[in-house]
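Structure first, commentary second.
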Amino acid sequence: MAISYLQVENLTKSFGDLLLFQDISLGIHEGQRVGLIAKNGAGKTTLLNIIAGKEGYDEGNLSFRRDLHMGYLPQSPRYPEELTVSEACFHQGNSVVELIKEYELCLETESNPGLEDILDRMEHEKAWDYERKAKQILTQLKIRDFNRKISQLSGGQLKRVALANSLITEPELLILDEPTNHLDLDMIEWLEDYLQRSTLSLLMVTHDRYFLDRVCSEIIEIDNRRIYSYKGNYSYYIEKREERIAATNTETARANNLYRTELEWMRRMPQARGHKARYREEAFYELEKTAKQRTDNSNVKLEVKASYIGSKIFNAEHLCKSYGDLKILDDFSYIFSRYEKMGIVGDNGTGKSTFIKILLGEVEPDSGTVDTGETVRFGYYSQEGLSFDEQMKVIDVVRDIAEVIDVGNGKQLTASQFLQHFLFTPETQHNYVYRLSGGEKRRLYLCTVLMRNPNFLILDEPTNDLDIVTLNVLEEYLTGFKGCVIVVSHDRYFMDKVVDHLLVFNGQGDIRDFPGNYSDYRDWKSARADKDKDAGKPQAEKVSRVRLNEKRKMSFKERQEFERLEEEIAGLEGEKKQLEEALCSGALSVDELTKNSKRLPLLHGELDEKTMRWLELSELA
């Protein structure tokens, strides 16, 4: 029988009148790897903080196995700013760190009392390897300056130091809150492999669906203040969750039908009743609970119209940018095409964010030019952009931008209606920003970017802190977005769903164009590395460096679209010919004449749009 590490029983937590969860129970046993999923604001981080002892709760019980060695990575870790990176790894107390401190104190004490016993314990705990192991993990996470002060680290670097700290002591139960935030793709894949090979038990919150799928063997979901457990990975969870919702809806519909009959009986039932009547009355109240239960299927609705974008987007010509010896761009040239969806990948520090700021005009290149089309309206979602006045109300944040928002097709929404599309209820809209969870603030920020109707979206790490439900909706929106998209992300699943091709930043101004999504690129790299290894050669260079007017190859998605457009254009041409012949025949009724007259200009518009897109893709063929 598996050893129980943690039992949570009938746990309830609220903040004032906001009830996060009620009477939830769960357990973690030896060897279990559990992923926790819920919408933003449902209490994921709060639950992890409660289990880690960082936060209190209203009711319930938590019990741990005696002497359980537990590690915890918070979403926003903090260390004293005067510590170095190495000292931070020894800062948070655990048995090995305390033993090392005891050893050092013993050496400083005259006659070294108890040294022999300490040396035996050091050997047993493998404490001699602690510093070496710490430096190995920090190096894998690309933290190499071990004497650097904590105060000099970025938020991402601090998160990686905290991640290393939680891994070093090899805890029996490891709790991780968004471990992949601020990791580049190589680090995520290293962490994925590290956790797969380890024997530790795991409870984690993450939005990275590939990571969740490959690391976790069980999913628990907080939905409508209750907990549901699924004995499988993320793919299994998606399938079974749909079955659960369908079964719940069927049960609710059946209970509603029976409830109407029983309600009529209750109204007719006299006050004096026998045993059978009392039994039926009690059953009625249980039935009422089932009939009135609601499945929370509300989703973010990204019904936002992109403004018109012309054929000229922008041309980057011979761009160069350096900071000292660090080259960001080296004679970079590129012509953006209409409706292009580009992903940008590369290690931290290779210049991805600087490149975006040059395109936006926020940073000047050392040389070269950027010529932006007159119709381009940028929408920029960045890591630094989340800077609301915490004392403002949610509704006022949106009203400061616009009272009314155009969502296309002649439809307009008030600020309040628009916020409801982003799952902010009328009650939440009048909350102060400081009361929102991290994910809810991200959702509000996304709302403020899209409401300006941009036609060129630049998204810098858009997946951090957004829940999986919102990510699915955002992916669907971007797939059909009538404009250009640039995505900088370490979320492989998101990149695979959204982008047509990649710009790969290799560092020192070396930028390559890859026709395909991230999985295609990863497979290509793996196959190339295996081939070169077998041949005993160094890995061959990838795609040619990006240069002005060089024709990039058509991606698989674009080739499919190109072939589909040929068929659609032929069909529309045929329909146009039939309409014109009918209108000239003189045989149509008044209603048919009106209908066809309205359809013809719409048909011309569809043909123009599809023909323009076909011409753009034909240049890549």
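Going by the structure tokens order, chains are called A, B, ..., each with residues numbered from 1, while ligands are numbered from 1 in the order shown.
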Please run DSSP on the backbone and report, as an NGL selection string, all residues within range 416-524 of chain A that come out as helix (DSSP H, G or I).
:A and (416-421 or 426-429 or 433-435 or 438-450 or 468-479 or 492-498 or 518-524)
May I have the residues from that selection written out with C-alpha atoms, as a PDB file, in the first residue's frame?
```pdb
ATOM      1  CA  SER A 416     -19.245  46.633 -18.323  1.00  0.00           C
ATOM      2  CA  GLN A 417     -20.569  44.287 -21.037  1.00  0.00           C
ATOM      3  CA  PHE A 418     -17.080  43.942 -22.503  1.00  0.00           C
ATOM      4  CA  LEU A 419     -15.632  42.996 -19.114  1.00  0.00           C
ATOM      5  CA  GLN A 420     -18.278  40.287 -18.740  1.00  0.00           C
ATOM      6  CA  HIS A 421     -16.881  38.722 -21.947  1.00  0.00           C
ATOM      7  CA  PRO A 426     -20.731  42.948 -12.327  1.00  0.00           C
ATOM      8  CA  GLU A 427     -19.691  42.394  -8.677  1.00  0.00           C
ATOM      9  CA  THR A 428     -16.019  41.783  -9.600  1.00  0.00           C
ATOM     10  CA  GLN A 429     -15.983  44.851 -11.859  1.00  0.00           C
ATOM     11  CA  VAL A 433      -7.476  45.849  -8.702  1.00  0.00           C
ATOM     12  CA  TYR A 434      -5.413  44.809  -5.662  1.00  0.00           C
ATOM     13  CA  ARG A 435      -8.085  42.201  -4.820  1.00  0.00           C
ATOM     14  CA  GLY A 438      -2.325  37.308 -10.591  1.00  0.00           C
ATOM     15  CA  GLY A 439      -4.167  35.501 -13.388  1.00  0.00           C
ATOM     16  CA  GLU A 440      -7.170  37.846 -13.173  1.00  0.00           C
ATOM     17  CA  LYS A 441      -4.854  40.850 -13.526  1.00  0.00           C
ATOM     18  CA  ARG A 442      -3.340  39.231 -16.630  1.00  0.00           C
ATOM     19  CA  ARG A 443      -6.833  38.706 -18.042  1.00  0.00           C
ATOM     20  CA  LEU A 444      -7.701  42.359 -17.364  1.00  0.00           C
ATOM     21  CA  TYR A 445      -4.470  43.426 -19.093  1.00  0.00           C
ATOM     22  CA  LEU A 446      -5.342  41.282 -22.145  1.00  0.00           C
ATOM     23  CA  CYS A 447      -8.768  42.954 -22.161  1.00  0.00           C
ATOM     24  CA  THR A 448      -7.201  46.452 -22.261  1.00  0.00           C
ATOM     25  CA  VAL A 449      -4.913  45.461 -25.167  1.00  0.00           C
ATOM     26  CA  LEU A 450      -7.640  43.918 -27.362  1.00  0.00           C
ATOM     27  CA  ILE A 468      -5.730  26.921 -19.390  1.00  0.00           C
ATOM     28  CA  VAL A 469      -9.363  27.767 -20.266  1.00  0.00           C
ATOM     29  CA  THR A 470      -8.398  31.341 -21.211  1.00  0.00           C
ATOM     30  CA  LEU A 471      -5.390  30.066 -23.173  1.00  0.00           C
ATOM     31  CA  ASN A 472      -7.598  27.779 -25.263  1.00  0.00           C
ATOM     32  CA  VAL A 473      -9.892  30.694 -26.121  1.00  0.00           C
ATOM     33  CA  LEU A 474      -6.932  32.990 -26.901  1.00  0.00           C
ATOM     34  CA  GLU A 475      -5.456  30.348 -29.232  1.00  0.00           C
ATOM     35  CA  GLU A 476      -8.742  30.044 -31.102  1.00  0.00           C
ATOM     36  CA  TYR A 477      -9.017  33.838 -31.395  1.00  0.00           C
ATOM     37  CA  LEU A 478      -5.468  34.241 -32.742  1.00  0.00           C
ATOM     38  CA  THR A 479      -5.938  31.441 -35.283  1.00  0.00           C
ATOM     39  CA  ARG A 492       5.329  24.990 -26.752  1.00  0.00           C
ATOM     40  CA  TYR A 493       1.665  23.984 -26.994  1.00  0.00           C
ATOM     41  CA  PHE A 494       0.603  27.600 -27.521  1.00  0.00           C
ATOM     42  CA  MET A 495       3.242  28.137 -30.222  1.00  0.00           C
ATOM     43  CA  ASP A 496       2.214  24.962 -32.051  1.00  0.00           C
ATOM     44  CA  LYS A 497      -1.415  26.087 -32.166  1.00  0.00           C
ATOM     45  CA  VAL A 498      -0.847  29.687 -33.261  1.00  0.00           C
ATOM     46  CA  TYR A 518       7.944  24.626 -32.510  1.00  0.00           C
ATOM     47  CA  SER A 519       7.380  20.843 -32.577  1.00  0.00           C
ATOM     48  CA  ASP A 520       8.500  20.786 -36.219  1.00  0.00           C
ATOM     49  CA  TYR A 521      11.608  22.750 -35.250  1.00  0.00           C
ATOM     50  CA  ARG A 522      12.386  20.512 -32.288  1.00  0.00           C
ATOM     51  CA  ASP A 523      11.997  17.367 -34.416  1.00  0.00           C
ATOM     52  CA  TRP A 524      14.244  18.913 -37.073  1.00  0.00           C
TER      53      TRP A 524
END
```
List as a tab-separated table (two decimals) with C-alpha atoms, in the first residue's frame the protein and nucleic acid residues near Asn348 in chain A, meaning an atom at most 12 Å away when only C-alpha atoms are counted, but skip any in the same chain fewer than 5 places from it.
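Final file, part16.tsv:
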```
chain	number	residue	atom	x	y	z
A	141	LEU	CA	19.01	26.99	-15.27
A	142	LYS	CA	21.60	29.39	-16.77
A	143	ILE	CA	22.55	31.08	-13.49
A	154	SER	CA	15.61	40.04	-12.52
A	156	GLY	CA	12.91	35.57	-13.83
A	157	GLN	CA	16.41	34.91	-12.50
A	182	HIS	CA	10.65	32.58	-16.81
A	183	LEU	CA	12.31	29.41	-18.17
A	184	ASP	CA	13.38	29.24	-21.80
A	185	LEU	CA	12.56	26.18	-23.91
A	186	ASP	CA	15.83	24.36	-23.18
A	187	MET	CA	15.36	24.82	-19.43
A	328	ILE	CA	21.32	41.75	-30.86
A	353	SER	CA	12.45	41.66	-26.36
A	354	THR	CA	14.88	44.27	-27.74
A	488	VAL	CA	7.37	35.39	-27.99
A	489	SER	CA	6.64	32.42	-25.76
A	490	HIS	CA	8.15	29.45	-23.98
A	505	PHE	CA	17.47	33.78	-32.04
A	506	ASN	CA	20.78	31.95	-31.56
A	507	GLY	CA	22.62	34.89	-29.97
```
Within 6 Å of Lys327 in chain A, counting only C-alpha atoms, which residues qualify if same-chain residues fewer than 5 places away don't, as a ChimeraX atom specification?
/A:322,508-509
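Within 10 Å of Leu83 in chain A, once only C-alpha atoms are used and residues closer than 4 positions along the same chain are dropped, the contacting residues are A:Tyr79, A:Glu87, A:Ala88, A:Cys89, A:Phe90, A:His91, A:Asn147, A:Arg148, A:Lys149, A:Ile150, A:Ser151.
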Give me the residues near range 121-129 of chain A as a PyMOL selection string, where near means some atom within 8 Å (using only C-alpha atoms) and where sequence neighbours in that chain fewer than 5 positions away do not count.
chain A and resi 96+99-100
Just-selected residues, C-alpha atoms written as a CSV table (one decimal), in the first residue's frame:
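What ended up in selection14.csv:
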```
chain,number,residue,atom,x,y,z
A,96,VAL,CA,21.0,19.3,5.0
A,99,LEU,CA,23.6,20.2,9.2
A,100,ILE,CA,26.2,22.1,7.1
```
Contacts of Ser14 in chain A at 8 Å (only C-alpha atoms; same-chain gap of 4+ positions) as a count of residues only
6
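Across the structure, CA of Leu163 in chain A and CA of Leu73 in chain A are spaced 6.0 Å apart.
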Going by DSSP on the backbone, which bits of range 204-237 of chain A are strand (DSSP E or B)? Write them as a list in words, please.
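In range 204-237 of chain A, DSSP puts these residues in strand (DSSP E or B): Met204, Val205, Glu218, Ile219, Ile220, Glu221, Ile222, Asp223, Arg226, Ile227, Tyr228, Ser229 and Tyr230 of chain A.
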If you measure from CA of Phe336 in chain A to CA of Phe514 in chain A, what distance in Å do you get, rounded to one decimal?
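Value for the CA of Phe336 in chain A-CA of Phe514 in chain A distance: 14.8 Å.
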To one decimal place in Å, what is the distance between CA of Leu47 in chain A and CA of Asp213 in chain A?
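That distance, rounded to one decimal, is 21.5 Å.
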Which one is closest to Val370 in chain A: A:Ser333, A:Gln391, A:Asn315, A:Asn596? Count only C-alpha atoms.
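For Val370 in chain A, the nearest of the given residues is A:Asn315.
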Let me make sure I understand: among A:Leu105, A:Gly56, A:Arg564, A:Arg241, which one has the smallest atom-to-atom distance to Glu221 in chain A if we use only C-alpha atoms?
A:Arg241
